[in-house]
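A quick write-up on the structure given underneath.
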Amino acid sequence: MSSRSCRKVDESVIASGFFDSFDYVLTDCDGVLWMGNVPIPGSIETIQALKKMGKRIIYVTNNSTKTREEYLKKCESLGFPATLDSIITTSYCVPCYLKSKNFQKKVYVFGSTGITQELEKANIQYLPIGPDPIPDNWIQWLNDLKLDPEVGAVVVGFDQYVSYPKLTKAASYLKNPECIFLATNKDEQFPAEGNLIIPGAGTFVYAVEVVSGRSAIALGKPEKFMLDCIKQIQPEIDFSRCIMIGDRLNTDILLGTRHGLKTLFVLTGINSLDDVQNFQKSKEEKDHMFIPDYYLPCLGDLLKFIKS
């Protein structure tokens, strides 16, 4: 059994100084604030109320399909208070990492326009993206395939146009041990309602890892590099005075438990309270890192405590 406890936020938690324990709110987006383009009930009002309390709100998403500017527009259109400096995406983390390595080559992007637009803003060259279907005569295609010798990095994120040619090209570039291998994130699924399971970027990352025999450097939650990117934009931040809100235990919550942030788990996305209880029962110490400090059925349930 774990020594870590997960408490439901109630009057006793509030009375013990819950709101006084943090200055910054780091919140995931998909499955916490909205589902697709529909806000989860109560999430807008709760974020607005936290901001009125003086809390600094930072939106921290592993979704690489949009740029920070596109996420700002989405927040504004839905009613979430935001500025560009309050948004961190894994698509933005990609050029930050490459610039930190003084990268001067081209990037093969197994992903979407969110990544390529952020690369373009950083003046980093990349190969064209989009549909890359396999022709019927795929053996001939393989014989004719020519790789670009200037490619020095492969970035894998979410790609709705996943295909055999893309797997082949990504793995072939990675045959060069000096080629950088980045993953925006390793989320297996997107949060979704109903019976659908929507594959996430991790699905494609793991496929490239298997075929290439290499391990990707992941940039998004739960990795520290995402916090490093936040620190670059908000140098005054103290992560010991932050709370991370999320729906996924192996990304949002693990980011917090690994790096000293308080954690609030909501049940509107990927994981359930049963998952938390299973980790609490585990004899493996590493599993206890997935246990959040607090939980609520949804973020909107916090609103009544703010109002009181």
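So you can find residues: chains in the structure tokens are A, B, ... in the order shown, residues in each start at 1, and ligands are numbered from 1 in order.
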**Q.** Nearby residues (only C-alpha atoms) at most 9 Å from range 37-41 of chain A, same-chain spacing under 2 positions excluded, as a PyMOL selection string
**A.** chain A and resi 31-35+43-45+74+78+268+298-300
Q: Please provide as an MDAnalysis selection string all residues within 7 Å of Lys221 in chain A, with the sequence filter that same-chain residues fewer than 3 positions apart are discarded (counting only C-alpha atoms).
A: chainID A and resid 62 185 226 251:252 255
Check which residues of range 86-167 of chain A sit at most 9 Å from range 195-218 of chain A using only C-alpha atoms, and return one row each with the closest pair of atoms and their distance in Å to one decimal, ordered by chain and rising number, as a Markdown table.
```
| residue | atom | partner | partner_atom | distance |
| --- | --- | --- | --- | --- |
| A:Phe110 | CA | A:Phe204 | CA | 8.5 |
| A:Gly111 | CA | A:Ala201 | CA | 8.5 |
| A:Val155 | CA | A:Ala216 | CA | 8.8 |
| A:Val156 | CA | A:Val205 | CA | 5.9 |
| A:Gly157 | CA | A:Ala201 | CA | 4.9 |
| A:Phe158 | CA | A:Ala201 | CA | 4.2 |
| A:Asp159 | CA | A:Ala201 | CA | 7.3 |
| A:Val162 | CA | A:Phe204 | CA | 7.7 |
| A:Leu167 | CA | A:Val208 | CA | 6.2 |
```
Who sits within 12 Å of Ile230 in chain A, only C-alpha atoms, same chain under 2 positions skipped, as a JSON list (two decimals) with C-alpha atoms, in the first residue's frame:
```json
[["chain", "number", "residue", "atom", "x", "y", "z"],
["A", 24, "TYR", "CA", -0.01, 29.38, -10.00],
["A", 26, "LEU", "CA", -1.09, 24.87, -14.35],
["A", 57, "ILE", "CA", -3.29, 30.60, -14.90],
["A", 58, "ILE", "CA", -1.02, 28.68, -17.28],
["A", 59, "TYR", "CA", -2.46, 26.35, -19.92],
["A", 60, "VAL", "CA", -0.15, 23.36, -20.36],
["A", 61, "THR", "CA", -1.12, 20.97, -23.15],
["A", 84, "LEU", "CA", 0.15, 34.19, -25.23],
["A", 85, "ASP", "CA", 2.60, 33.94, -22.31],
["A", 86, "SER", "CA", 0.10, 31.80, -20.39],
["A", 87, "ILE", "CA", 0.04, 29.03, -23.02],
["A", 88, "ILE", "CA", 2.57, 26.21, -23.42],
["A", 89, "THR", "CA", 2.13, 23.57, -26.13],
["A", 90, "THR", "CA", 4.35, 20.68, -27.14],
["A", 92, "TYR", "CA", 6.19, 25.18, -29.13],
["A", 93, "CYS", "CA", 8.56, 22.95, -27.13],
["A", 96, "CYS", "CA", 12.79, 25.41, -28.07],
["A", 220, "GLY", "CA", 5.69, 17.11, -23.11],
["A", 221, "LYS", "CA", 4.23, 16.14, -19.76],
["A", 224, "LYS", "CA", 10.76, 18.37, -17.07],
["A", 225, "PHE", "CA", 11.49, 20.08, -20.40],
["A", 226, "MET", "CA", 7.94, 21.41, -20.46],
["A", 227, "LEU", "CA", 8.56, 23.10, -17.11],
["A", 228, "ASP", "CA", 11.83, 24.48, -18.51],
["A", 232, "GLN", "CA", 11.77, 30.64, -20.01],
["A", 233, "ILE", "CA", 8.53, 32.53, -20.52],
["A", 234, "GLN", "CA", 7.74, 33.13, -16.83],
["A", 235, "PRO", "CA", 11.15, 33.27, -15.10],
["A", 236, "GLU", "CA", 9.65, 34.32, -11.76],
["A", 237, "ILE", "CA", 7.58, 31.15, -11.35],
["A", 238, "ASP", "CA", 8.11, 29.00, -8.25],
["A", 239, "PHE", "CA", 7.00, 25.45, -9.01]]
```
Q) Do you know which residues are at most 9 Å from Gln160 in chain A counting only C-alpha atoms, after dropping those on the same chain fewer than 5 positions away, and could you put them as a VMD selection string? A) chain A and resid 111 to 112 130 to 131
Q: Go ahead and compute the interatomic distance for CA of Ala122 in chain A and CA of Cys229 in chain A, in Å to one decimal.
A: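 We find that CA of Ala122 in chain A and CA of Cys229 in chain A lie 14.5 Å from each other.
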Q: Enumerate as a list of chain:residue names all residues of range 123-179 of chain A assigned to strand (DSSP E or B) by DSSP on the backbone, naming them with the chain letters and numbers the document uses.
A: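 Here is the list: A:Tyr126, A:Val151, A:Gly152, A:Ala153, A:Val154, A:Val155, A:Val156.
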Keeping only all heavy atoms, write the selected residues as a compact mmCIF listing (two decimals), in the first residue's frame.
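Okay, out_7.txt is ready:
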```txt
# COMPACT_ATOMS: atom_id res chain seq x y z
N TYR A 126 12.06 22.50 -42.46
CA TYR A 126 11.41 21.20 -42.31
C TYR A 126 10.93 20.72 -43.67
O TYR A 126 10.72 21.51 -44.60
CB TYR A 126 10.23 21.28 -41.34
CG TYR A 126 9.18 22.30 -41.74
CD1 TYR A 126 8.13 21.96 -42.59
CD2 TYR A 126 9.26 23.62 -41.28
CE1 TYR A 126 7.18 22.90 -42.96
CE2 TYR A 126 8.32 24.56 -41.66
CZ TYR A 126 7.28 24.20 -42.49
OH TYR A 126 6.34 25.12 -42.88
N VAL A 151 18.49 16.25 -43.50
CA VAL A 151 17.64 16.03 -42.33
C VAL A 151 18.50 15.63 -41.14
O VAL A 151 19.30 14.69 -41.22
CB VAL A 151 16.58 14.95 -42.61
CG1 VAL A 151 15.88 14.51 -41.31
CG2 VAL A 151 15.54 15.49 -43.60
N GLY A 152 18.31 16.35 -40.03
CA GLY A 152 19.09 16.06 -38.82
C GLY A 152 18.23 15.78 -37.61
O GLY A 152 18.74 15.59 -36.51
N ALA A 153 16.90 15.77 -37.80
CA ALA A 153 16.00 15.49 -36.68
C ALA A 153 14.68 14.93 -37.21
O ALA A 153 14.22 15.32 -38.28
CB ALA A 153 15.73 16.75 -35.86
N VAL A 154 14.11 14.02 -36.45
CA VAL A 154 12.77 13.49 -36.71
C VAL A 154 11.90 13.86 -35.51
O VAL A 154 12.28 13.61 -34.36
CB VAL A 154 12.78 11.97 -36.90
CG1 VAL A 154 11.36 11.41 -36.93
CG2 VAL A 154 13.53 11.61 -38.18
N VAL A 155 10.76 14.49 -35.78
CA VAL A 155 9.82 14.85 -34.72
C VAL A 155 8.51 14.12 -34.98
O VAL A 155 7.95 14.20 -36.07
CB VAL A 155 9.55 16.37 -34.70
CG1 VAL A 155 8.50 16.71 -33.65
CG2 VAL A 155 10.83 17.14 -34.44
N VAL A 156 8.04 13.40 -33.97
CA VAL A 156 6.79 12.65 -34.10
C VAL A 156 5.76 13.22 -33.13
O VAL A 156 6.03 13.35 -31.93
CB VAL A 156 6.99 11.15 -33.82
CG1 VAL A 156 5.67 10.40 -34.00
CG2 VAL A 156 8.06 10.57 -34.73
```
Q: May I ask for the distance between CA of Lys186 in chain A and CA of Cys75 in chain A, given in Å to one decimal place?
A: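 Atom-to-atom, CA of Lys186 in chain A to CA of Cys75 in chain A, that is 24.0 Å.
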Q: Measuring atom to atom with only C-alpha atoms, identify which of A:Ser240, A:Ser282, A:Ser308, A:Gln277 is nearest to Leu261 in chain A.
A: A:Ser240
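Rounded to one decimal, CA of Ser16 in chain A and CA of Ile306 in chain A lie 14.1 Å from each other.
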**Q.** Members of range 42-237 of chain A assigned alpha helix (DSSP H) by DSSP, as a PyMOL selection string
**A.** chain A and resi 43-52+68-78+90-100+113-121+138-144+164-173+201-212+224-233
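When the distance limit is 12 Å and only C-alpha atoms are what count, the residues near Leu267 in chain A, minus those fewer than 3 positions from it on the same chain, are Lys8, Gly31, Val32, Leu33, Ile40, Pro191, Ile245, Gly246, Asp247, Arg248, Leu249, Leu264, Ile270, Asn271, Ser272, Leu273, Asp274, Asp275, Val276, Pro292, Tyr294, Tyr295, Leu296, Pro297, Cys298, Leu299, Gly300 and Asp301 of chain A.
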